[in-house]
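Engineer: The following file, target_29.csv, comprises CSV, C-alpha atoms:
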chain,number,residue,atom,x,y,z
A,53,MET,CA,-135.2,36.3,-15.8
A,54,ARG,CA,-133.6,38.9,-18.0
A,55,HIS,CA,-130.5,40.6,-16.5
A,56,PRO,CA,-129.4,44.2,-17.1
A,57,ALA,CA,-126.2,44.7,-19.1
A,58,GLU,CA,-123.0,44.7,-17.1
A,59,THR,CA,-122.3,48.3,-18.1
A,60,ALA,CA,-125.7,49.4,-16.9
A,61,LEU,CA,-125.0,47.8,-13.5
A,62,ALA,CA,-121.6,49.6,-13.4
A,63,LEU,CA,-123.4,53.0,-14.0
A,64,TYR,CA,-126.1,52.1,-11.5
A,65,ALA,CA,-123.5,51.4,-8.8
A,66,GLY,CA,-122.0,54.9,-9.3
A,67,GLY,CA,-125.4,56.6,-9.4
A,68,ASP,CA,-124.9,57.6,-13.1
A,69,LEU,CA,-128.2,56.4,-14.5
A,70,GLY,CA,-131.3,58.4,-15.3
A,71,TRP,CA,-134.2,58.3,-12.9
A,72,TRP,CA,-136.4,55.9,-14.9
A,73,THR,CA,-133.7,53.4,-15.7
A,74,ARG,CA,-132.4,53.6,-12.1
A,75,ILE,CA,-135.8,52.5,-10.7
A,76,GLY,CA,-136.0,49.6,-13.1
A,77,ILE,CA,-132.5,48.3,-12.2
A,78,ALA,CA,-133.1,48.9,-8.5
A,79,ARG,CA,-136.2,46.6,-8.6
A,80,HIS,CA,-134.2,43.9,-10.5
A,81,VAL,CA,-131.2,44.1,-8.1
A,82,GLN,CA,-133.5,43.6,-5.1
A,83,GLN,CA,-134.6,40.3,-6.5
A,84,CYS,CA,-131.4,39.1,-8.2
A,85,GLY,CA,-128.5,38.0,-6.0
A,86,SER,CA,-126.1,37.7,-8.9
A,87,CYS,CA,-126.7,41.3,-10.1
A,88,ARG,CA,-126.6,42.5,-6.5
A,89,ARG,CA,-123.1,41.0,-6.1
A,90,GLN,CA,-122.0,42.6,-9.3
A,91,VAL,CA,-123.3,46.0,-8.1
A,92,GLU,CA,-121.4,45.6,-4.8
A,93,ALA,CA,-118.3,44.8,-6.7
A,94,PHE,CA,-118.6,47.9,-8.8
A,95,ARG,CA,-119.2,49.9,-5.6
A,96,GLY,CA,-116.0,48.4,-4.3
A,97,VAL,CA,-114.2,49.8,-7.4
A,98,CYS,CA,-115.5,53.3,-6.7
A,99,GLU,CA,-114.6,53.1,-3.0
A,100,ALA,CA,-111.1,51.8,-3.8
A,101,LEU,CA,-110.5,54.7,-6.1
A,102,GLN,CA,-111.9,57.2,-3.6
A,103,ALA,CA,-109.8,55.8,-0.8
A,104,GLU,CA,-106.6,56.4,-2.9
A,105,ARG,CA,-107.6,59.9,-3.6
A,106,GLU,CA,-105.1,61.5,-1.3
A,107,GLU,CA,-102.5,58.8,-1.4
A,108,MET,CA,-99.1,59.9,-2.7
A,109,PRO,CA,-97.0,57.6,-4.8
A,110,PRO,CA,-94.9,55.3,-2.5
A,111,GLY,CA,-91.5,56.8,-1.6
A,112,LEU,CA,-92.3,60.3,-2.8
A,113,GLU,CA,-91.3,63.1,-0.4
A,114,TRP,CA,-94.2,65.5,-1.2
A,115,GLY,CA,-92.6,68.6,0.4
A,116,GLU,CA,-89.5,68.3,-1.7
A,117,ALA,CA,-91.4,67.6,-4.9
A,118,ALA,CA,-93.8,70.4,-4.3
A,119,ALA,CA,-91.0,72.9,-3.7
A,120,ALA,CA,-89.2,71.8,-6.9
A,121,MET,CA,-92.4,72.1,-8.9
A,122,ARG,CA,-93.2,75.6,-7.5
A,123,ALA,CA,-89.7,76.8,-8.4
A,124,ASN,CA,-90.0,75.3,-11.9
A,125,ILE,CA,-93.5,76.9,-12.4
A,126,ARG,CA,-92.0,80.3,-11.5
A,127,LEU,CA,-89.1,79.7,-13.9
A,128,GLY,CA,-91.5,78.7,-16.6
A,129,LEU,CA,-93.6,81.8,-16.1
A,130,ALA,CA,-90.5,84.1,-16.1
A,131,ALA,CA,-89.2,82.4,-19.3
A,132,GLY,CA,-92.6,82.8,-20.9
A,133,GLU,CA,-92.6,86.5,-20.2
A,134,CYS,CA,-89.2,86.9,-21.8
A,135,VAL,CA,-90.3,85.3,-25.0
A,136,ALA,CA,-93.8,86.7,-25.0
A,137,GLU,CA,-94.8,88.4,-28.3
A,138,ARG,CA,-95.0,92.2,-28.0
A,139,PRO,CA,-98.2,93.7,-29.4
A,140,GLU,CA,-97.6,95.0,-32.9
A,141,PRO,CA,-97.8,98.8,-33.2
A,142,ARG,CA,-100.9,100.0,-35.1
A,143,ARG,CA,-100.2,100.6,-38.7
A,144,SER,CA,-101.0,104.1,-39.9
A,145,PRO,CA,-103.5,104.1,-42.8
A,146,TRP,CA,-101.4,106.7,-44.7
A,147,ARG,CA,-98.2,104.7,-44.5
A,148,PRO,CA,-98.6,103.1,-48.0
A,149,ALA,CA,-99.2,106.6,-49.5
A,150,LEU,CA,-95.8,107.7,-48.2
A,151,ALA,CA,-94.0,104.7,-49.7
A,152,LEU,CA,-94.0,106.0,-53.3
A,153,PRO,CA,-92.5,109.5,-52.6
A,154,VAL,CA,-89.9,108.0,-50.4
A,155,LEU,CA,-89.0,105.4,-53.0
A,156,LEU,CA,-88.7,108.2,-55.6
A,157,VAL,CA,-86.4,110.2,-53.3
A,158,VAL,CA,-84.2,107.2,-52.7
A,159,LEU,CA,-84.0,106.5,-56.4
A,160,ALA,CA,-83.0,110.1,-57.1
A,161,GLY,CA,-80.3,109.8,-54.5
A,162,VAL,CA,-78.9,106.7,-56.0
A,163,ILE,CA,-78.8,108.3,-59.5
A,164,LEU,CA,-77.1,111.5,-58.2
A,165,GLU,CA,-74.6,109.4,-56.3
A,166,SER,CA,-73.7,107.4,-59.4
A,167,LEU,CA,-72.8,110.6,-61.4
A,168,PRO,CA,-69.1,111.3,-61.7
A,169,GLN,CA,-67.9,113.8,-59.0
A,170,PRO,CA,-64.3,115.0,-59.6
A,171,VAL,CA,-64.0,116.9,-56.3
A,172,ARG,CA,-66.1,116.6,-53.2
A,173,ARG,CA,-66.7,119.8,-51.5
A,174,ALA,CA,-67.9,120.3,-48.0
A,175,SER,CA,-68.6,123.7,-46.6
A,176,ALA,CA,-68.1,124.3,-43.0
A,177,PRO,CA,-70.9,125.9,-41.1
A,178,GLU,CA,-68.6,128.3,-39.2
A,179,PRO,CA,-67.3,130.8,-40.1
A,180,ALA,CA,-69.4,131.9,-43.0
A,181,GLY,CA,-67.8,132.0,-46.5
A,182,VAL,CA,-65.1,129.4,-45.6
A,183,VAL,CA,-65.0,126.4,-47.9
A,184,LEU,CA,-63.2,123.2,-47.1
A,185,ASP,CA,-61.9,121.2,-50.1
A,186,ALA,CA,-61.3,117.5,-50.1
A,187,GLY,CA,-60.5,115.6,-53.3
A,188,PRO,CA,-58.2,113.1,-54.9
A,189,ALA,CA,-55.5,115.8,-55.4
A,190,GLY,CA,-55.5,116.8,-51.7
A,191,ILE,CA,-57.3,118.8,-49.0
A,192,GLY,CA,-57.5,122.5,-48.5
A,193,VAL,CA,-59.4,125.6,-47.4
A,194,GLU,CA,-60.7,128.6,-49.5
A,195,ARG,CA,-62.2,132.0,-48.7
A,196,ASN,CA,-63.2,134.7,-51.1
A,197,GLY,CA,-61.2,133.1,-53.9
A,198,HIS,CA,-58.1,132.8,-51.7
A,199,GLY,CA,-56.8,129.7,-49.9
A,200,PHE,CA,-54.4,126.8,-49.9
A,201,GLN,CA,-54.2,123.1,-50.5
A,202,LEU,CA,-52.2,120.3,-49.0
A,203,LEU,CA,-51.4,118.1,-52.0
A,204,ARG,CA,-51.4,114.3,-52.0
A,205,PRO,CA,-47.8,112.9,-51.9
A,206,ALA,CA,-46.8,111.4,-55.3
A,207,ALA,CA,-45.9,108.0,-53.7
A,208,ALA,CA,-49.1,107.6,-51.7
A,209,GLU,CA,-51.2,104.6,-52.9
A,210,SER,CA,-53.8,104.3,-50.2
A,211,VAL,CA,-55.9,107.4,-49.6
A,212,GLU,CA,-58.6,108.1,-47.0
A,213,VAL,CA,-60.3,111.5,-46.9
A,214,SER,CA,-63.1,112.5,-44.5
A,215,VAL,CA,-65.0,115.6,-43.8
A,216,ARG,CA,-66.4,116.2,-40.3
A,217,GLY,CA,-68.1,119.4,-39.2
A,218,ASP,CA,-65.6,122.2,-39.6
A,219,SER,CA,-62.6,120.1,-40.4
A,220,VAL,CA,-61.3,117.9,-43.2
A,221,ARG,CA,-58.8,115.0,-42.7
A,222,SER,CA,-56.7,113.0,-45.1
A,223,ARG,CA,-54.6,109.9,-44.5
A,224,TYR,CA,-52.1,108.8,-47.1
A,225,VAL,CA,-50.0,105.5,-46.9
A,226,ASP,CA,-46.9,105.1,-48.9
A,227,ASP,CA,-47.0,101.5,-49.9
A,228,ALA,CA,-43.3,101.2,-50.7
A,229,THR,CA,-42.1,102.5,-47.3
A,230,GLY,CA,-45.2,102.0,-45.1
A,231,GLN,CA,-45.1,105.7,-44.1
A,232,VAL,CA,-48.4,107.2,-43.0
A,233,THR,CA,-49.1,110.9,-43.5
A,234,ILE,CA,-52.2,112.3,-41.7
A,235,SER,CA,-53.3,115.9,-42.4
A,236,HIS,CA,-56.0,118.0,-40.8
A,237,VAL,CA,-57.4,121.3,-42.0
A,238,TYR,CA,-59.7,123.3,-39.7
A,239,ALA,CA,-61.8,126.3,-40.6
A,240,GLU,CA,-61.8,128.9,-37.9
L,279,MET,CA,-86.9,114.8,-11.4
L,280,SER,CA,-86.7,111.3,-12.9
L,281,SER,CA,-86.1,109.8,-9.5
L,282,LEU,CA,-89.2,111.5,-8.1
L,283,VAL,CA,-91.3,110.1,-10.9
L,284,TRP,CA,-89.8,106.6,-10.4
L,285,ALA,CA,-90.6,106.8,-6.6
L,286,ILE,CA,-94.2,107.8,-7.4
L,287,MET,CA,-94.5,105.0,-9.9
L,288,ASN,CA,-93.0,102.4,-7.5
L,289,GLU,CA,-95.5,103.3,-4.9
L,290,ALA,CA,-98.4,102.8,-7.3
L,291,VAL,CA,-97.2,99.6,-9.0
L,292,GLU,CA,-95.7,97.5,-6.2
L,293,PRO,CA,-98.8,96.7,-4.2
L,294,VAL,CA,-100.5,95.5,-7.4
L,295,LEU,CA,-97.6,93.3,-8.3
L,296,GLU,CA,-97.3,92.0,-4.8
L,297,ASP,CA,-101.0,91.2,-4.7
L,298,SER,CA,-100.8,89.4,-8.0
L,299,LEU,CA,-97.8,87.4,-7.0
L,300,GLU,CA,-99.5,86.5,-3.7
L,301,ARG,CA,-102.6,85.4,-5.5
L,302,GLN,CA,-100.5,83.3,-7.9
L,303,ASN,CA,-98.7,81.6,-5.0
L,304,ARG,CA,-101.9,80.9,-3.2
L,305,PHE,CA,-103.4,79.5,-6.4
L,306,ILE,CA,-100.5,77.1,-6.8
L,307,SER,CA,-100.5,76.0,-3.2
L,308,ASP,CA,-104.3,75.4,-3.1
L,309,ASN,CA,-104.2,73.2,-6.2
L,310,LEU,CA,-100.7,71.7,-6.6
L,311,ARG,CA,-101.4,68.5,-4.7
L,312,ARG,CA,-104.7,67.8,-6.3
L,313,ILE,CA,-103.5,68.4,-9.8
L,314,PHE,CA,-100.3,66.4,-9.3
L,315,LEU,CA,-102.3,63.4,-8.0
L,316,LEU,CA,-104.8,63.7,-10.9
L,317,VAL,CA,-102.0,63.8,-13.4
L,318,TYR,CA,-100.1,61.0,-11.7
L,319,ARG,CA,-103.1,58.7,-11.7
L,320,MET,CA,-103.4,59.4,-15.4
L,321,VAL,CA,-99.8,58.9,-16.5
L,322,GLY,CA,-98.7,56.6,-13.7
L,323,ASN,CA,-95.2,57.9,-13.4
L,324,VAL,CA,-93.9,60.4,-10.8
L,325,ALA,CA,-91.3,62.2,-13.1
L,326,ASP,CA,-93.8,62.7,-16.0
L,327,ALA,CA,-96.5,63.7,-13.5
L,328,GLN,CA,-94.2,66.4,-12.1
L,329,ASP,CA,-93.3,67.7,-15.5
L,330,LEU,CA,-96.9,67.8,-16.7
L,331,THR,CA,-98.1,69.4,-13.5
L,332,GLN,CA,-95.6,72.2,-14.0
L,333,GLU,CA,-96.7,72.6,-17.6
L,334,VAL,CA,-100.4,72.7,-16.5
L,335,PHE,CA,-99.7,75.6,-14.0
L,336,VAL,CA,-97.6,77.5,-16.4
L,337,LYS,CA,-100.3,77.2,-19.1
L,338,ALA,CA,-103.0,78.3,-16.6
L,339,LEU,CA,-101.1,81.2,-15.0
L,340,GLN,CA,-100.1,82.6,-18.4
L,341,ARG,CA,-103.8,83.3,-18.9
L,342,ARG,CA,-104.3,84.8,-15.4
L,343,ASP,CA,-107.2,86.9,-16.6
L,344,GLN,CA,-109.3,83.8,-16.7
L,345,LEU,CA,-108.7,83.0,-13.0
L,346,LYS,CA,-111.0,85.6,-11.4
L,347,ASP,CA,-113.5,83.2,-10.1
L,348,GLU,CA,-111.6,80.8,-7.8
L,349,GLU,CA,-114.1,77.9,-8.0
L,350,LYS,CA,-114.2,78.1,-11.8
L,351,ALA,CA,-110.4,78.3,-11.9
L,352,ALA,CA,-110.1,75.0,-10.0
L,353,HIS,CA,-112.3,73.3,-12.5
L,354,TRP,CA,-110.6,75.0,-15.4
L,355,LEU,CA,-107.3,73.8,-14.0
L,356,SER,CA,-108.5,70.2,-13.8
L,357,ARG,CA,-109.6,70.4,-17.4
L,358,ILE,CA,-106.2,71.7,-18.5
L,359,ALA,CA,-104.6,68.9,-16.5
L,360,THR,CA,-106.8,66.2,-18.0
L,361,ASN,CA,-106.2,67.3,-21.5
L,362,THR,CA,-102.5,67.8,-21.0
L,363,ALA,CA,-102.2,64.2,-19.6
L,364,ILE,CA,-104.3,62.8,-22.4
L,365,ASP,CA,-102.2,64.5,-25.0
L,366,PHE,CA,-99.1,63.2,-23.3
L,367,LEU,CA,-100.4,59.6,-23.3
L,368,ARG,CA,-101.4,60.0,-27.0
L,369,ARG,CA,-97.9,61.2,-27.9
L,370,HIS,CA,-96.2,58.5,-26.0
L,371,GLY,CA,-98.7,55.8,-26.5
L,372,ARG,CA,-97.9,54.1,-23.2
L,373,ILE,CA,-98.4,54.3,-19.5
L,374,ALA,CA,-95.3,53.8,-17.5
L,375,PHE,CA,-96.1,52.9,-13.9
L,376,CYS,CA,-92.9,52.7,-11.8
L,377,GLU,CA,-92.0,49.4,-10.4
L,378,LEU,CA,-92.3,49.6,-6.6
L,379,ASP,CA,-88.8,48.2,-6.3
L,380,ASP,CA,-87.5,51.1,-8.3
L,381,MET,CA,-88.9,53.8,-6.1
L,382,PRO,CA,-86.4,55.5,-3.9
L,383,GLU,CA,-86.7,54.8,-0.2
L,384,ARG,CA,-86.9,58.1,1.6
L,385,ALA,CA,-87.4,59.4,5.1
L,386,GLY,CA,-90.6,61.1,6.2
L,387,ARG,CA,-94.0,59.3,6.2
L,388,SER,CA,-92.4,55.9,5.7
L,389,THR,CA,-90.6,56.1,9.0
L,390,LEU,CA,-93.9,56.8,10.9
L,391,GLU,CA,-95.5,53.7,9.4
L,392,SER,CA,-94.9,50.1,10.4
L,393,PRO,CA,-93.4,47.9,7.7
L,394,GLU,CA,-96.7,46.0,7.5
L,395,ALA,CA,-98.7,49.2,6.9
L,396,ARG,CA,-96.2,50.4,4.4
L,397,LEU,CA,-96.4,47.1,2.5
L,398,LEU,CA,-100.2,47.1,2.5
L,399,ARG,CA,-100.3,50.7,1.3
L,400,ALA,CA,-97.9,49.9,-1.5
L,401,GLU,CA,-99.8,46.8,-2.5
L,402,ARG,CA,-103.1,48.8,-2.6
L,403,GLN,CA,-101.5,51.4,-4.8
L,404,ALA,CA,-100.0,48.8,-7.0
L,405,ILE,CA,-103.5,47.2,-7.5
L,406,LEU,CA,-105.0,50.6,-8.3
L,407,GLU,CA,-102.3,51.4,-10.7
L,408,GLY,CA,-102.5,48.0,-12.3
L,409,GLY,CA,-106.2,48.5,-12.8
L,410,LEU,CA,-105.8,52.0,-14.3
L,411,GLU,CA,-103.2,50.5,-16.7
L,412,THR,CA,-105.9,48.3,-18.3
L,413,LEU,CA,-107.9,51.4,-19.4
L,414,THR,CA,-107.6,53.7,-22.4
L,415,ALA,CA,-106.5,57.3,-21.8
L,416,ARG,CA,-110.1,58.6,-22.1
L,417,GLU,CA,-111.6,55.9,-20.0
L,418,ARG,CA,-109.0,56.6,-17.3
L,419,ALA,CA,-109.6,60.3,-17.4
L,420,ALA,CA,-113.4,59.8,-17.2
L,421,LEU,CA,-113.1,57.3,-14.3
L,422,LEU,CA,-110.7,59.5,-12.3
L,423,LEU,CA,-112.7,62.6,-12.8
L,424,ARG,CA,-115.9,60.9,-11.8
L,425,ASP,CA,-114.9,58.5,-9.0
L,426,VAL,CA,-111.8,60.2,-7.6
L,427,GLU,CA,-112.4,63.9,-8.3
L,428,GLY,CA,-116.2,63.5,-7.7
L,429,LEU,CA,-117.3,65.4,-10.7
L,430,SER,CA,-120.8,64.7,-12.2
L,431,ALA,CA,-121.1,63.0,-15.6
L,432,GLU,CA,-122.0,66.4,-17.1
L,433,GLU,CA,-118.9,68.1,-15.7
L,434,VAL,CA,-116.7,65.2,-16.9
L,435,ALA,CA,-118.3,65.6,-20.4
L,436,ARG,CA,-117.4,69.3,-20.4
L,437,HIS,CA,-113.8,68.5,-19.2
L,438,LEU,CA,-113.3,65.9,-22.0
L,439,SER,CA,-115.2,68.0,-24.6
L,440,CYS,CA,-117.6,65.1,-25.5
L,441,SER,CA,-121.2,64.2,-25.0
L,442,LYS,CA,-122.7,62.9,-21.7
L,443,ALA,CA,-123.5,59.6,-23.4
L,444,THR,CA,-119.9,59.1,-24.5
L,445,VAL,CA,-118.7,59.9,-21.0
L,446,ARG,CA,-121.2,57.4,-19.5
L,447,SER,CA,-119.9,54.8,-21.9
L,448,HIS,CA,-116.3,55.5,-20.9
L,449,ILE,CA,-117.2,55.3,-17.2
L,450,ALA,CA,-119.1,52.1,-17.5
L,451,ASN,CA,-116.4,50.4,-19.6
L,452,ALA,CA,-113.7,51.6,-17.2
L,453,ARG,CA,-115.6,50.2,-14.2
L,454,VAL,CA,-116.2,46.9,-15.9
L,455,LYS,CA,-112.5,46.6,-16.9
L,456,PHE,CA,-111.4,47.6,-13.5
L,457,ARG,CA,-113.7,45.0,-11.8
L,458,ARG,CA,-112.5,42.3,-14.1
L,459,TYR,CA,-108.9,43.2,-13.3
L,460,LEU,CA,-109.6,42.9,-9.6
L,461,SER,CA,-111.4,39.6,-10.1
L,462,ARG,CA,-108.4,38.2,-12.0
L,463,ARG,CA,-106.1,39.3,-9.2
L,464,LYS,CA,-108.2,37.6,-6.6
L,465,ALA,CA,-108.3,34.5,-8.6
Show me this structure written as structure tokens.
Structural biologist:
Amino acid sequence: MRHPAETALALYAGGDLGWWTRIGIARHVQQCGSCRRQVEAFRGVCEALQAEREEMPPGLEWGEAAAAMRANIRLGLAAGECVAERPEPRRSPWRPALALPVLLVVLAGVILESLPQPVRRASAPEPAGVVLDAGPAGIGVERNGHGFQLLRPAAAESVEVSVRGDSVRSRYVDDATGQVTISHVYAE
Amino acid sequence: MSSLVWAIMNEAVEPVLEDSLERQNRFISDNLRRIFLLVYRMVGNVADAQDLTQEVFVKALQRRDQLKDEEKAAHWLSRIATNTAIDFLRRHGRIAFCELDDMPERAGRSTLESPEARLLRAERQAILEGGLETLTARERAALLLRDVEGLSAEEVARHLSCSKATVRSHIANARVKFRRYLSRRKA
């Protein structure tokens, strides 16, 4: 008598064979005690696995473990949202066309900045006609050709001059004595 | 003005968020035990099974839009769980079933069981885990999905992204190995 392969019996036991093969093996198993015992053993394997379906690992307190897992899942989701990639804004098709003029303007600015500027002038917006002067020699104010200037002290080594709105400020530090002189000129 | 707008927005957004959170919690509660057990049977270790189960749910819930159909979602979740466990086993190249003596004794179910019943249960589980240990990762996955989860061979094939013939071969080999293991133990 020719016996079916062991793997075929294993599939037959679990109902995993096609209709035609199943009929052939069923007929053989009815007549063959050895194969019948093998099929029963395979069914035992399936049943043992199914019986353990709901069995928790020994010693595991499911309630505690489930609560810990739930908390970690929520934590994982929250962390994922924090690091999620933001959608990239749509690129305008005309953006590359703007690049060249912007580059030219920046280049022109750099060239102008590098030219020698003996005195920086800043004109205050209010009142009209008043000009604030700030330069290496000192700071001052001028209107219609008349004005005054606060000269830089001869001993001052460190100089800071800033223009802000309608005022100009200078800060001189005498390196020898450490004396600091701060002057403000406001246009009113 | 801004507080008025905020109040109106709150009213519109909160029920949606609440509903979404509630659905998320229900999804976790409905599937947590099943997925944990599936992963545990695959990797054979409680600590790894807990980590991987969490990973499975985070992966699934980050793609919430695919969870509209609850029945499909459960299958999809099993699939993620199986693949995550197989990847884990490939990376680690081992199965690490805990020794029964190493498991912490805790209160709860164990106190309701007689010592004999507890011993028998532990022995049954040790046999099952020993049998699963003799299988490859894919054989184990195929056997668990077919005989424990009760999926058809076609569904197992979809889960494992392979052909039905390959799945049948995995299932048959797994049952043969498992039966030989049981015979050796009896002998």
Engineer: Kindly indicate which residue among L:Ala419, L:Ala325, L:Ala443, L:Ala435 lies nearest to Ala359 of chain L, using all atoms listed in the file for the distances.
Structural biologist: L:Ala419
Engineer: Between L:Arg463, L:His370, L:Lys337, L:Arg436, single out the one closest to chain A, counting only C-alpha atoms.
Structural biologist: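 Using only C-alpha atoms, the shortest distance to chain A belongs to L:Lys337.
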Engineer: Quick check, in Å to one decimal: how far apart do atom CA of Ile306 of chain L and atom CA of Cys98 of chain A lie?
Structural biologist: 28.1 Å
Engineer: Could you check how far atom CA of Leu310 of chain L sits from atom CA of Ser356 of chain L, in Å to one decimal?
Structural biologist: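 Separating atom CA of Leu310 of chain L from atom CA of Ser356 of chain L is a distance of 10.7 Å.
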Engineer: Have a look at L:Tyr459, L:Trp354, L:Phe366, L:Phe335 and name the one nearest to Arg311 of chain L; count all atoms listed in the file.
Structural biologist: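 Distance minimum relative to Arg311 of chain L lands on L:Phe335.
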Engineer: As a list in words, please: the residues near Val193 of chain A (cut-off 6 Å, all atoms listed in the file, same-chain neighbours under 6 positions excluded).
Structural biologist: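 After dropping sequence-adjacent residues, the list is Val183, Leu184, Asp185, Gly199 and Phe200 of chain A.
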Engineer: Give me, as a PyMOL selection string, the contact residues of chain A against chain L at a cut-off of 6 Å, counting all atoms listed in the file.
Structural biologist: chain A and resi 59+62-63+98+101-102+105+111+125+129
Engineer: Mind giving me the straight-line distance from atom CA of Met121 of chain A to atom CA of Asp347 of chain L in Å, one decimal?
Structural biologist: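 Atom CA of Asp347 of chain L lies 23.9 Å from atom CA of Met121 of chain A.
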Engineer: Can you take the partial segment 348-359 of chain L, add N, CA and C atoms, and return it as a PDB file, in the frame of the given file?
Structural biologist:
ATOM      1  N   GLU L 348    -112.480  81.839  -8.292  1.00  0.00           N
ATOM      2  CA  GLU L 348    -111.600  80.800  -7.800  1.00  0.00           C
ATOM      3  C   GLU L 348    -112.168  79.380  -8.016  1.00  0.00           C
ATOM      4  N   GLU L 349    -113.490  79.242  -7.847  1.00  0.00           N
ATOM      5  CA  GLU L 349    -114.100  77.900  -8.000  1.00  0.00           C
ATOM      6  C   GLU L 349    -114.001  77.458  -9.462  1.00  0.00           C
ATOM      7  N   LYS L 350    -114.315  78.383 -10.371  1.00  0.00           N
ATOM      8  CA  LYS L 350    -114.200  78.100 -11.800  1.00  0.00           C
ATOM      9  C   LYS L 350    -112.794  77.774 -12.176  1.00  0.00           C
ATOM     10  N   ALA L 351    -111.871  78.520 -11.564  1.00  0.00           N
ATOM     11  CA  ALA L 351    -110.400  78.300 -11.900  1.00  0.00           C
ATOM     12  C   ALA L 351    -109.989  76.945 -11.541  1.00  0.00           C
ATOM     13  N   ALA L 352    -110.474  76.384 -10.416  1.00  0.00           N
ATOM     14  CA  ALA L 352    -110.100  75.000 -10.000  1.00  0.00           C
ATOM     15  C   ALA L 352    -110.574  74.009 -11.047  1.00  0.00           C
ATOM     16  N   HIS L 353    -111.794  74.190 -11.526  1.00  0.00           N
ATOM     17  CA  HIS L 353    -112.300  73.300 -12.500  1.00  0.00           C
ATOM     18  C   HIS L 353    -111.578  73.417 -13.852  1.00  0.00           C
ATOM     19  N   TRP L 354    -111.315  74.669 -14.179  1.00  0.00           N
ATOM     20  CA  TRP L 354    -110.600  75.000 -15.400  1.00  0.00           C
ATOM     21  C   TRP L 354    -109.206  74.342 -15.386  1.00  0.00           C
ATOM     22  N   LEU L 355    -108.597  74.397 -14.219  1.00  0.00           N
ATOM     23  CA  LEU L 355    -107.300  73.800 -14.000  1.00  0.00           C
ATOM     24  C   LEU L 355    -107.318  72.280 -14.206  1.00  0.00           C
ATOM     25  N   SER L 356    -108.337  71.649 -13.626  1.00  0.00           N
ATOM     26  CA  SER L 356    -108.500  70.200 -13.800  1.00  0.00           C
ATOM     27  C   SER L 356    -108.655  69.841 -15.256  1.00  0.00           C
ATOM     28  N   ARG L 357    -109.367  70.702 -15.954  1.00  0.00           N
ATOM     29  CA  ARG L 357    -109.600  70.400 -17.400  1.00  0.00           C
ATOM     30  C   ARG L 357    -108.276  70.523 -18.156  1.00  0.00           C
ATOM     31  N   ILE L 358    -107.492  71.542 -17.858  1.00  0.00           N
ATOM     32  CA  ILE L 358    -106.200  71.700 -18.500  1.00  0.00           C
ATOM     33  C   ILE L 358    -105.331  70.445 -18.185  1.00  0.00           C
ATOM     34  N   ALA L 359    -105.384  70.033 -16.901  1.00  0.00           N
ATOM     35  CA  ALA L 359    -104.600  68.900 -16.500  1.00  0.00           C
ATOM     36  C   ALA L 359    -104.972  67.621 -17.192  1.00  0.00           C
TER      37      ALA L 359
END
